[in-house]
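Colleague: There's a structure below that I have some questions on.
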Number of protein chains: 2
Amino acid sequence: MDIETYMQAVGTKARAASRSMARVDTGVKNQALLAIAEVLDAERQTLASANAIDLENGRNNGLEPALLDRLELSPTGIDGMIEGLRQVAALPDPVGEISDMNFRPSGIQVGKMRVPLGVVGIIYESRPNVTVEAASLCLKSGNAAILRGGSEAIHSNQAIAACIERGLQSADLPSAAVQVIETTDRAAVGKLVTMSEYVDVIVPRGGKGLIERISREAQVPVIKHLDGVCHVYIDSEADLLKAHNIALNAKTHRYGVCNAMETLLVAEAVAEQVLPDLAKAYSEAGVELRACDQTKTIISSAGYACVAATEADWYEEYLAPVLAIRIVKDVDGAMDHINAYSSQHTEAIVTENYTIGRRFINEVDSSSVMINASTRFADGFEYGLGAEIGISTDKIHARGPVGLEGLTSQKYIVLGDGHIRQ
Amino acid sequence: MDIETYMQAVGTKARAASRSMARVDTGVKNQALLAIAEVLDAERQTLASANAIDLENGRNNGLEPALLDRLELSPTGIDGMIEGLRQVAALPDPVGEISDMNFRPSGIQVGKMRVPLGVVGIIYESRPNVTVEAASLCLKSGNAAILRGGSEAIHSNQAIAACIERGLQSADLPSAAVQVIETTDRAAVGKLVTMSEYVDVIVPRGGKGLIERISREAQVPVIKHLDGVCHVYIDSEADLLKAHNIALNAKTHRYGVCNAMETLLVAEAVAEQVLPDLAKAYSEAGVELRACDQTKTIISSAGYACVAATEADWYEEYLAPVLAIRIVKDVDGAMDHINAYSSQHTEAIVTENYTIGRRFINEVDSSSVMINASTRFADGFEYGLGAEIGISTDKIHARGPVGLEGLTSQKYIVLGDGHIRQ
């Protein structure tokens, strides 16, 4: 079968399955999620063997250690998948929720009902646990899923797919509710993102290259974020202890994550007070500093290493122990910098001033905007969504962490008693 | 200046204006809307002269009477634009609304704030009043607008644009908050729908050809509906008087509108009771009937004209006094037909049965789903949105009538007191 025909068949089956899934009771969906967890638990050996093949192929193909690390499905990793399924089963079902029912002067009663999007396509890279995560969120939100993992994880993903299928069957749900693409041919991705008759939304998860390619080719709407160039601004009226702790946490809590701070902005008035201590802490944590001239002078005088930042540094998502630092005049200077360089992911201000804090939260146009909190909180779990399918820095449909609700939409419902338009 | 450079300049100015607009107080936005209304009122003569040029050019170019009709800006049409501006000024401002603020176990407080989308591009055809309608909704929702009207209305639109600019200036708002494209070159549209760095969403309003072309070319998200193939299903447990009134109203209240019924589905059990009277009423209203064999037999026996429907009729949006009728077994038969042929705009059921009504409203996947009400109610004004920029049959972002809220998005806001991630 050629890719075109194969993907067409996948799409047709997904669309049909999505119609059934939209009608399934919450209890049955939860039963399926728990059944998948049980099958995964019973098939630990099968999963390990499949994963071993991927890992060996990866080593033979010279895959980087970081990628091999992501590819590995350890016993703890399998525990995590099982626990994740149970957590999603425990989340409230967004489907069918009715809101804003109001009577209109005409006599009709109008409101909204939350409904699944339909078919969700998810394209991801090496981590095989995404297969379970994505499947569970789509299932719980009443959608059918088409999953396309990285070619390096094909054996692991197929083994997981077989477990998901058994779980679905045991709850009498259509197996096509979750389909894992069986080919590693890249043409399958090209087809997936253009089948707008069968796919309602695409969620790419992975490196910037993957996401850029998909956004360029897609004719189906895409929920995505390209970059996380997140900022912390220490205002002249900041509590300097809070500022120190937040600036340190936002950078050093974890480096390779999209909600880590990449650029620190400091108000001129407090720069000399706050920067030497921070430079000391960053230096102890092994963070390389790249800064504007004024910052560099302060940090160097305090005896810590600091190189001159170039224009490119302000745009950079390091995902590494590297930090750009810039002194700005005030909150307006900080917001000008953020407007110019931010990827609109997450920005935080540290201030005790009511008006400045209120301006920052109102005026900064990013998916998450914070006062006196670390950017590391920008996360579906921390926000109480239970889990996230991704983070969106787009403005349409969903912004910020996208959970179950982001995989649904609202239709209008109208209740009448024979009402006609006059 | 070539189109590329011209559109680039329009985009840059719109993006800059959108940043100012996002911060403007509700009072100032309302002041601008009322000022535009006043300028339009004062410039009635200028508008009429500009419109006369378009109408004469239209006649010379052999424009169809229906298009000339849409193009005309009568004194009543100008009254309507002025009244529309006042109505939009009176609507609540969606921008800045904070919802769902909750404390999380970590101690942070998380919620959502409604914010403008940024830059909205609107592409429309002959009606010059859309220029004012679209501008007012974008303005009130804190967005910058780039408007591209039909080439046949260029003089009218430029005259309206001049009035809008004066209104904006009198409220000290940037004139680039509303830009009306000055060229009739179609390349401008191609550029507009692909400038994703400057434009956040495109709303096309017009014929199917226009919308299809834009959807195909767009790299910016599009809010649209292609077709309104709306259905009314008369269930076996319908109140037949309500059924008669709704079926008649949904078809004959207005023909050329997207929420008019195009196909009537009737449960077999009540077909013989309900169809003859309906056929009589449709015949009196001059509606041509195209039906399945069984329907045709019933209607012909009753002495009314009815032709055989072809497969193409079930897909057709007539926008005219023509109706397709099909007899189905029951609600499942009706939903199967709707799944296969509907454009997911609006569907209504007429029934007194609780379970059947509940199934229809839960299971039919259209932007608006109704019980015992005419499809003609699917409209922003009737739903209480105040006004609509368009209707969406897409599933992402907004479904159904799109008002001010559809021109906004929600960002997350986080309030802390020095909180860091553990």
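Chain labels A, B, ... are given in the sequence in which chains occur in the structure tokens; within each chain residues are numbered consecutively from 1, and ligands are likewise numbered from 1 in the order shown.
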Name the residues in contact with Gly209 (chain A) at a cut-off of 12 Å, using only C-alpha atoms, excluding same-chain residues fewer than 6 positions from it; report them as a ChimeraX atom specification.
Modeller: /A:124-125,215-216,225-227
Colleague: For region 372-385 of chain A, list every protein, DNA or RNA residue within 6 Å, evaluated using only C-alpha atoms, and leave out those in the same chain fewer than 3 positions away; present the list as a ChimeraX atom specification.
Modeller: /A:246,250,259-260,350,388,401,403 /B:416-420
Colleague: Emit the selected residues as a PDB file, in the first residue's frame, including N, CA and C atoms.
Modeller:
ATOM      1  N   ILE A 246      13.813  34.081  42.864  1.00  0.00           N
ATOM      2  CA  ILE A 246      13.079  33.803  41.623  1.00  0.00           C
ATOM      3  C   ILE A 246      14.042  33.752  40.439  1.00  0.00           C
ATOM      4  N   ALA A 250      14.317  30.354  38.369  1.00  0.00           N
ATOM      5  CA  ALA A 250      13.834  30.360  36.986  1.00  0.00           C
ATOM      6  C   ALA A 250      14.928  29.883  36.030  1.00  0.00           C
ATOM      7  N   ASN A 259      10.103  26.545  29.918  1.00  0.00           N
ATOM      8  CA  ASN A 259       9.707  27.626  30.833  1.00  0.00           C
ATOM      9  C   ASN A 259      10.858  28.122  31.707  1.00  0.00           C
ATOM     10  N   ALA A 260      12.085  27.738  31.381  1.00  0.00           N
ATOM     11  CA  ALA A 260      13.247  28.276  32.096  1.00  0.00           C
ATOM     12  C   ALA A 260      13.509  29.701  31.604  1.00  0.00           C
ATOM     13  N   VAL A 350       9.296  40.973  39.127  1.00  0.00           N
ATOM     14  CA  VAL A 350       9.410  40.949  40.588  1.00  0.00           C
ATOM     15  C   VAL A 350       9.275  42.396  41.034  1.00  0.00           C
ATOM     16  N   GLU A 388      -0.712  18.037  30.460  1.00  0.00           N
ATOM     17  CA  GLU A 388      -0.775  18.903  29.292  1.00  0.00           C
ATOM     18  C   GLU A 388      -0.354  18.152  28.040  1.00  0.00           C
ATOM     19  N   PRO A 401      -0.277  26.439  28.728  1.00  0.00           N
ATOM     20  CA  PRO A 401      -0.400  24.981  28.815  1.00  0.00           C
ATOM     21  C   PRO A 401      -1.765  24.522  28.304  1.00  0.00           C
ATOM     22  N   GLY A 403      -4.433  21.537  28.193  1.00  0.00           N
ATOM     23  CA  GLY A 403      -4.849  20.275  28.802  1.00  0.00           C
ATOM     24  C   GLY A 403      -6.080  19.734  28.109  1.00  0.00           C
TER      25      GLY A 403
ATOM     26  N   GLY B 416       2.089  35.602  42.701  1.00  0.00           N
ATOM     27  CA  GLY B 416       2.827  34.921  43.756  1.00  0.00           C
ATOM     28  C   GLY B 416       3.353  35.916  44.767  1.00  0.00           C
ATOM     29  N   ASP B 417       4.132  35.414  45.688  1.00  0.00           N
ATOM     30  CA  ASP B 417       4.710  36.276  46.702  1.00  0.00           C
ATOM     31  C   ASP B 417       6.155  35.844  46.910  1.00  0.00           C
ATOM     32  N   GLY B 418       6.850  35.700  45.780  1.00  0.00           N
ATOM     33  CA  GLY B 418       8.222  35.209  45.824  1.00  0.00           C
ATOM     34  C   GLY B 418       8.286  33.700  45.641  1.00  0.00           C
ATOM     35  N   HIS B 419       7.229  33.114  45.085  1.00  0.00           N
ATOM     36  CA  HIS B 419       7.181  31.653  44.956  1.00  0.00           C
ATOM     37  C   HIS B 419       8.185  31.120  43.940  1.00  0.00           C
ATOM     38  N   ILE B 420       8.866  30.036  44.345  1.00  0.00           N
ATOM     39  CA  ILE B 420       9.758  29.339  43.409  1.00  0.00           C
ATOM     40  C   ILE B 420       9.341  27.885  43.340  1.00  0.00           C
TER      41      ILE B 420
END
Colleague: As a list in words, list the residues of region 72-196 of chain B assigned to strand (DSSP E or B) by DSSP on the backbone atoms of this structure.
Modeller: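 Reading the DSSP output for region 72-196 of chain B, strand (DSSP E or B) covers Ile98, Ser99, Asp100, Met101, Asn102, Phe103, Gln109, Val110, Gly111, Lys112, Met113, Arg114, Val115, Pro116, Val119, Val120, Gly121, Ile122, Ile123, Tyr124, Ala144, Ala145, Ile146, Leu147, Arg148, Val178, Gln179 and Val180 of chain B.
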Colleague: Show me, as a ChimeraX atom specification, the residues that have an atom within 6 Å of Arg148 (chain B) when counting only C-alpha atoms, minus same-chain residues fewer than 2 positions from it.
Modeller: /B:123,180-181
Colleague: Output the selection as an mmCIF file, in the first residue's frame - N, CA and C atoms for each residue.
Modeller:
data_model
loop_
_atom_site.group_PDB
_atom_site.id
_atom_site.type_symbol
_atom_site.label_atom_id
_atom_site.label_comp_id
_atom_site.auth_asym_id
_atom_site.auth_seq_id
_atom_site.Cartn_x
_atom_site.Cartn_y
_atom_site.Cartn_z
ATOM 1 N N ILE B 123 -11.419 40.255 5.052
ATOM 2 C CA ILE B 123 -11.502 40.328 3.591
ATOM 3 C C ILE B 123 -12.962 40.108 3.222
ATOM 4 N N VAL B 180 -7.610 50.565 5.843
ATOM 5 C CA VAL B 180 -8.351 50.005 4.721
ATOM 6 C C VAL B 180 -7.388 49.971 3.534
ATOM 7 N N ILE B 181 -7.146 48.774 3.019
ATOM 8 C CA ILE B 181 -6.188 48.605 1.915
ATOM 9 C C ILE B 181 -6.584 49.492 0.734
#
Colleague: Rank B:Ala279, B:Ala177, B:Met81, B:Val199 by their smallest atom-to-atom distance to chain A, using only C-alpha atoms, and report the top residue only.
Modeller: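 Nearest to chain A: B:Val199.
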Colleague: List the neighbours of Ile98 (chain A) out to 8 Å using only C-alpha atoms; skip same-chain residues closer than 5 positions along the sequence, and give me the result as a PDB file with C-alpha atoms, in the first residue's frame.
Modeller:
ATOM      1  CA  GLY A 111     -25.860  28.453  25.854  1.00  0.00           C
ATOM      2  CA  LYS A 112     -22.731  26.495  25.053  1.00  0.00           C
ATOM      3  CA  MET A 113     -21.847  22.825  25.248  1.00  0.00           C
ATOM      4  CA  ARG A 114     -18.261  21.582  25.366  1.00  0.00           C
TER       5      ARG A 114
END
Colleague: What's around Leu33 (chain B) at 10 Å? Count only C-alpha atoms, leave out sequence neighbours fewer than 4 positions away in its own chain, and write the answer as an mmCIF file with N, CA and C atoms, in the first residue's frame.
Modeller:
data_model
loop_
_atom_site.group_PDB
_atom_site.id
_atom_site.type_symbol
_atom_site.label_atom_id
_atom_site.label_comp_id
_atom_site.auth_asym_id
_atom_site.auth_seq_id
_atom_site.Cartn_x
_atom_site.Cartn_y
_atom_site.Cartn_z
ATOM 1 N N GLY B 27 -13.500 53.331 28.019
ATOM 2 C CA GLY B 27 -14.120 54.629 27.770
ATOM 3 C C GLY B 27 -13.604 55.291 26.510
ATOM 4 N N VAL B 28 -12.298 55.196 26.302
ATOM 5 C CA VAL B 28 -11.698 55.823 25.121
ATOM 6 C C VAL B 28 -12.120 55.092 23.848
ATOM 7 N N LYS B 29 -12.202 53.767 23.937
ATOM 8 C CA LYS B 29 -12.643 53.009 22.758
ATOM 9 C C LYS B 29 -14.081 53.398 22.407
ATOM 10 N N ALA B 37 -19.229 57.508 14.487
ATOM 11 C CA ALA B 37 -20.657 57.632 14.146
ATOM 12 C C ALA B 37 -20.994 59.079 13.791
ATOM 13 N N GLU B 38 -20.466 60.011 14.577
ATOM 14 C CA GLU B 38 -20.743 61.419 14.307
ATOM 15 C C GLU B 38 -20.163 61.878 12.975
ATOM 16 N N ILE B 82 -24.391 53.858 11.549
ATOM 17 C CA ILE B 82 -24.300 54.733 12.725
ATOM 18 C C ILE B 82 -24.891 54.033 13.955
ATOM 19 N N GLY B 84 -25.213 50.842 14.354
ATOM 20 C CA GLY B 84 -24.321 49.719 14.682
ATOM 21 C C GLY B 84 -23.168 50.170 15.573
ATOM 22 N N LEU B 85 -22.556 51.291 15.238
ATOM 23 C CA LEU B 85 -21.448 51.822 16.042
ATOM 24 C C LEU B 85 -21.906 52.098 17.473
ATOM 25 N N ARG B 86 -23.112 52.680 17.602
ATOM 26 C CA ARG B 86 -23.631 52.995 18.944
ATOM 27 C C ARG B 86 -23.903 51.730 19.731
ATOM 28 N N GLN B 87 -24.384 50.697 19.028
ATOM 29 C CA GLN B 87 -24.653 49.423 19.704
ATOM 30 C C GLN B 87 -23.356 48.782 20.194
ATOM 31 N N VAL B 88 -22.326 48.812 19.356
ATOM 32 C CA VAL B 88 -21.050 48.212 19.757
ATOM 33 C C VAL B 88 -20.446 48.994 20.931
ATOM 34 N N ALA B 89 -20.604 50.314 20.910
ATOM 35 C CA ALA B 89 -20.118 51.120 22.048
ATOM 36 C C ALA B 89 -20.828 50.705 23.334
ATOM 37 N N ALA B 90 -22.100 50.298 23.225
ATOM 38 C CA ALA B 90 -22.880 49.945 24.417
ATOM 39 C C ALA B 90 -22.571 48.531 24.928
ATOM 40 N N VAL B 132 -17.430 49.425 8.311
ATOM 41 C CA VAL B 132 -17.716 50.006 9.622
ATOM 42 C C VAL B 132 -17.962 48.923 10.672
ATOM 43 N N ALA B 135 -14.639 47.213 11.537
ATOM 44 C CA ALA B 135 -13.771 48.139 12.261
ATOM 45 C C ALA B 135 -14.254 48.307 13.691
ATOM 46 N N SER B 136 -15.570 48.423 13.881
ATOM 47 C CA SER B 136 -16.091 48.689 15.225
ATOM 48 C C SER B 136 -15.860 47.501 16.149
ATOM 49 N N LEU B 137 -16.045 46.284 15.640
ATOM 50 C CA LEU B 137 -15.847 45.110 16.493
ATOM 51 C C LEU B 137 -14.365 44.932 16.844
ATOM 52 N N LEU B 139 -12.078 47.295 16.987
ATOM 53 C CA LEU B 139 -11.735 48.395 17.883
ATOM 54 C C LEU B 139 -12.171 48.113 19.311
ATOM 55 N N LYS B 140 -13.438 47.716 19.457
ATOM 56 C CA LYS B 140 -13.980 47.488 20.797
ATOM 57 C C LYS B 140 -13.242 46.347 21.499
ATOM 58 N N ILE B 164 -13.528 56.993 9.542
ATOM 59 C CA ILE B 164 -13.013 56.205 10.682
ATOM 60 C C ILE B 164 -11.738 56.852 11.208
ATOM 61 N N GLY B 167 -12.461 59.820 13.298
ATOM 62 C CA GLY B 167 -13.009 59.410 14.593
ATOM 63 C C GLY B 167 -11.916 58.924 15.530
ATOM 64 N N LEU B 168 -10.994 58.120 14.990
ATOM 65 C CA LEU B 168 -9.882 57.605 15.799
ATOM 66 C C LEU B 168 -9.039 58.764 16.317
ATOM 67 N N ALA B 171 -10.274 60.693 19.229
ATOM 68 C CA ALA B 171 -10.150 60.027 20.534
ATOM 69 C C ALA B 171 -8.683 59.750 20.856
#
Colleague: Between CA of Ser283 (chain B) and CA of Thr346 (chain B), what is the distance in Å, rounded to a tenth?
Modeller: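 Separating CA of Ser283 (chain B) from CA of Thr346 (chain B) is a distance of 24.4 Å.
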Colleague: Name all residues at most 9 Å from region 229-237 of chain B (count only C-alpha atoms; drop same-chain ones fewer than 3 positions away) and give them as a short mmCIF file (atom, residue, chain, number, x, y, z; two decimals) with N, CA and C atoms, in the first residue's frame.
Modeller:
data_model
loop_
_atom_site.label_atom_id
_atom_site.label_comp_id
_atom_site.auth_asym_id
_atom_site.auth_seq_id
_atom_site.Cartn_x
_atom_site.Cartn_y
_atom_site.Cartn_z
N LEU B 240 -46.86 18.50 15.96
CA LEU B 240 -46.88 18.76 14.51
C LEU B 240 -47.14 20.23 14.16
N ALA B 243 -43.77 21.78 14.49
CA ALA B 243 -42.98 21.29 13.36
C ALA B 243 -43.30 22.09 12.10
N HIS B 244 -44.59 22.26 11.85
CA HIS B 244 -45.03 23.00 10.66
C HIS B 244 -44.48 24.43 10.68
N ILE B 246 -41.97 25.75 12.42
CA ILE B 246 -40.50 25.83 12.38
C ILE B 246 -39.99 25.52 10.97
N ALA B 247 -40.54 24.46 10.35
CA ALA B 247 -40.08 24.08 9.01
C ALA B 247 -40.36 25.20 8.01
N ALA B 250 -37.96 28.35 9.01
CA ALA B 250 -36.53 28.10 8.74
C ALA B 250 -36.23 28.22 7.25
N CYS B 258 -27.23 32.25 5.52
CA CYS B 258 -26.56 30.98 5.77
C CYS B 258 -27.30 30.13 6.80
N ASN B 259 -28.16 30.73 7.63
CA ASN B 259 -28.86 29.92 8.64
C ASN B 259 -30.26 29.49 8.20
N ALA B 260 -30.56 29.66 6.91
CA ALA B 260 -31.82 29.14 6.38
C ALA B 260 -31.72 27.63 6.23
N MET B 261 -32.84 26.92 6.47
CA MET B 261 -32.84 25.47 6.25
C MET B 261 -32.73 25.16 4.76
N GLU B 262 -31.90 24.18 4.42
CA GLU B 262 -31.78 23.78 3.01
C GLU B 262 -32.34 22.38 2.79
N THR B 263 -32.32 21.54 3.84
CA THR B 263 -32.88 20.19 3.73
C THR B 263 -33.79 19.92 4.93
N LEU B 264 -34.98 19.43 4.64
CA LEU B 264 -35.92 19.04 5.69
C LEU B 264 -35.93 17.52 5.79
N LEU B 265 -35.73 17.00 7.00
CA LEU B 265 -35.77 15.55 7.23
C LEU B 265 -37.04 15.26 8.02
N VAL B 266 -37.75 14.22 7.62
CA VAL B 266 -39.02 13.92 8.29
C VAL B 266 -39.04 12.44 8.68
N ALA B 267 -39.43 12.17 9.94
CA ALA B 267 -39.55 10.78 10.39
C ALA B 267 -40.68 10.10 9.63
N GLU B 268 -40.41 8.88 9.18
CA GLU B 268 -41.35 8.11 8.37
C GLU B 268 -42.76 8.10 9.00
N ALA B 269 -42.79 7.90 10.32
CA ALA B 269 -44.07 7.71 11.02
C ALA B 269 -45.02 8.90 10.90
N VAL B 270 -44.46 10.12 10.71
CA VAL B 270 -45.35 11.29 10.65
C VAL B 270 -45.36 11.96 9.28
N ALA B 271 -44.64 11.34 8.32
CA ALA B 271 -44.49 11.98 7.00
C ALA B 271 -45.85 12.25 6.34
N VAL B 274 -47.59 15.22 8.08
CA VAL B 274 -46.99 16.56 8.11
C VAL B 274 -46.71 17.13 6.72
N TRP B 314 -28.57 16.99 -1.74
CA TRP B 314 -28.35 16.87 -0.28
C TRP B 314 -27.15 17.71 0.17
N TYR B 315 -26.25 18.03 -0.75
CA TYR B 315 -25.07 18.85 -0.42
C TYR B 315 -25.29 20.33 -0.67
N GLU B 316 -26.43 20.66 -1.30
CA GLU B 316 -26.58 22.00 -1.87
C GLU B 316 -27.03 23.06 -0.86
N GLU B 317 -26.34 24.22 -0.87
CA GLU B 317 -26.84 25.39 -0.15
C GLU B 317 -27.53 26.26 -1.19
N TYR B 318 -28.87 26.14 -1.27
CA TYR B 318 -29.58 26.83 -2.35
C TYR B 318 -29.53 28.34 -2.21
N ASP B 330 -35.79 7.39 11.60
CA ASP B 330 -35.90 7.92 12.96
C ASP B 330 -34.74 8.88 13.22
N VAL B 331 -34.50 9.22 14.49
CA VAL B 331 -33.45 10.19 14.82
C VAL B 331 -32.07 9.70 14.37
N ALA B 334 -31.80 10.42 10.78
CA ALA B 334 -31.61 11.86 10.60
C ALA B 334 -30.16 12.24 10.89
N MET B 335 -29.60 11.69 11.97
CA MET B 335 -28.23 12.04 12.33
C MET B 335 -27.22 11.46 11.33
N ILE B 338 -27.31 13.87 8.49
CA ILE B 338 -26.63 15.11 8.87
C ILE B 338 -25.12 14.91 8.90
N TYR B 341 -23.97 14.88 5.16
CA TYR B 341 -24.16 15.99 4.24
C TYR B 341 -24.07 17.39 4.85
N SER B 342 -24.13 17.48 6.18
CA SER B 342 -24.20 18.80 6.79
C SER B 342 -22.89 19.56 6.66
N SER B 343 -22.99 20.88 6.63
CA SER B 343 -21.78 21.71 6.67
C SER B 343 -21.46 22.11 8.10
N GLN B 344 -22.13 21.49 9.07
CA GLN B 344 -21.89 21.73 10.49
C GLN B 344 -22.16 23.17 10.91
N HIS B 345 -23.12 23.78 10.27
CA HIS B 345 -23.51 25.14 10.62
C HIS B 345 -24.60 25.07 11.70
N THR B 346 -25.83 24.71 11.34
CA THR B 346 -26.93 24.70 12.30
C THR B 346 -27.91 23.58 11.96
N GLU B 347 -28.30 22.81 12.98
CA GLU B 347 -29.30 21.76 12.77
C GLU B 347 -30.31 21.84 13.92
N ALA B 348 -31.57 21.58 13.58
CA ALA B 348 -32.62 21.62 14.59
C ALA B 348 -33.45 20.34 14.55
N ILE B 349 -33.92 19.92 15.73
CA ILE B 349 -34.85 18.80 15.81
C ILE B 349 -36.17 19.35 16.34
N VAL B 350 -37.28 18.80 15.87
CA VAL B 350 -38.57 19.12 16.48
C VAL B 350 -39.05 17.83 17.12
N THR B 351 -39.16 17.81 18.43
CA THR B 351 -39.60 16.61 19.15
C THR B 351 -40.12 16.99 20.53
N GLU B 352 -41.01 16.18 21.07
CA GLU B 352 -41.45 16.35 22.46
C GLU B 352 -40.78 15.29 23.34
N ASN B 353 -39.99 14.40 22.74
CA ASN B 353 -39.39 13.29 23.48
C ASN B 353 -38.07 13.72 24.11
N ILE B 356 -34.84 11.60 23.00
CA ILE B 356 -34.46 11.85 21.60
C ILE B 356 -33.88 13.26 21.46
N SER B 374 -36.37 27.52 15.31
CA SER B 374 -36.01 27.70 13.90
C SER B 374 -34.49 27.94 13.75
N THR B 375 -33.89 27.35 12.72
CA THR B 375 -32.45 27.54 12.45
C THR B 375 -32.11 29.02 12.25
#
Colleague: Counting only C-alpha atoms, which of A:Arg290, A:His253, A:His155, A:Arg127 gets nearest to chain B?
Modeller: A:His253
Colleague: Using Å and a single decimal, report how far CA of Gly286 (chain B) sits from CA of Val257 (chain B).
Modeller: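 Rounded to one decimal, the two atoms are 17.1 Å apart.
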Colleague: Which residue, A:Asn57, A:Thr355, A:Asn102, A:Thr184, has the smallest gap to chain B when you use only C-alpha atoms?
Modeller: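 Of the candidates, the smallest distance to chain B is held by A:Asn102.
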Colleague: Expressed in Å to a single decimal, how great is the separation between CA of Glu272 (chain B) and CA of Cys306 (chain B)?
Modeller: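 A separation of 14.9 Å between them.
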Colleague: Quick one: of B:Thr46, B:Ser392, B:Ser366, B:Asn245, who's nearest to Ile211 (chain B), counting only C-alpha atoms?
Modeller: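 Among the listed residues, the smallest separation from Ile211 (chain B) belongs to B:Ser392.
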Colleague: Can you list, as a VMD selection string, every residue of region 76-305 of chain A that DSSP puts in alpha helix (DSSP H)?
Modeller: chain A and resid 76 to 90 129 to 140 154 to 170 187 to 192 208 to 217 240 to 252 268 to 285 293 to 301
Colleague: Need to verify the contact set: Val402 (chain A), 10 Å, only C-alpha atoms, exclusion of same-chain residues closer than 2 positions in sequence. Can you return it as a list in words?
Modeller: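 Everything that qualifies: Ile223, Lys224, Asp379, Gly380, Leu385, Ala387, Glu388, Ile389, Gly390, Ile391, Ser392, His397, Ala398, Arg399, Gly400, Leu404, Glu405, Gly406 and Leu407 of chain A.
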Colleague: Would you output that residue set with N, CA and C atoms, as a compact mmCIF listing (two decimals), in the first residue's frame?
Modeller:
# COMPACT_ATOMS: atom_id res chain seq x y z
N ILE A 223 -1.54 23.48 17.09
CA ILE A 223 -1.35 24.02 18.44
C ILE A 223 0.11 23.79 18.79
N LYS A 224 0.87 24.89 18.99
CA LYS A 224 2.31 24.71 19.12
C LYS A 224 2.98 25.84 19.89
N ASP A 379 3.17 25.54 33.53
CA ASP A 379 3.13 24.10 33.32
C ASP A 379 1.72 23.61 33.63
N GLY A 380 1.20 22.70 32.81
CA GLY A 380 -0.16 22.23 32.98
C GLY A 380 -0.43 21.66 34.35
N LEU A 385 -4.21 21.80 35.51
CA LEU A 385 -4.89 21.16 34.38
C LEU A 385 -4.79 19.64 34.46
N ALA A 387 -2.68 17.56 33.41
CA ALA A 387 -1.67 17.09 32.46
C ALA A 387 -1.71 18.06 31.30
N GLU A 388 -0.71 18.04 30.46
CA GLU A 388 -0.77 18.90 29.29
C GLU A 388 -0.35 18.15 28.04
N ILE A 389 -1.00 18.50 26.93
CA ILE A 389 -0.64 17.89 25.64
C ILE A 389 0.45 18.74 24.99
N GLY A 390 0.63 19.96 25.49
CA GLY A 390 1.64 20.85 24.95
C GLY A 390 1.41 22.25 25.49
N ILE A 391 2.23 23.18 25.03
CA ILE A 391 2.07 24.57 25.42
C ILE A 391 1.89 25.37 24.15
N SER A 392 0.94 26.29 24.15
CA SER A 392 0.70 27.07 22.95
C SER A 392 1.16 28.51 23.15
N HIS A 397 -7.46 29.94 19.75
CA HIS A 397 -7.91 28.72 20.44
C HIS A 397 -7.38 28.59 21.87
N ALA A 398 -6.10 28.29 22.05
CA ALA A 398 -5.59 28.07 23.40
C ALA A 398 -4.23 28.73 23.53
N ARG A 399 -4.00 29.39 24.68
CA ARG A 399 -2.68 29.95 24.97
C ARG A 399 -2.16 29.30 26.24
N GLY A 400 -0.84 29.13 26.31
CA GLY A 400 -0.25 28.55 27.51
C GLY A 400 -0.42 27.05 27.53
N LEU A 404 -6.90 19.03 28.86
CA LEU A 404 -8.10 18.41 28.27
C LEU A 404 -8.99 19.46 27.61
N GLU A 405 -9.18 20.60 28.28
CA GLU A 405 -10.09 21.60 27.74
C GLU A 405 -9.62 22.12 26.38
N GLY A 406 -8.31 22.21 26.19
CA GLY A 406 -7.76 22.66 24.91
C GLY A 406 -8.01 21.68 23.78
N LEU A 407 -8.38 20.45 24.13
CA LEU A 407 -8.70 19.45 23.10
C LEU A 407 -10.21 19.41 22.84
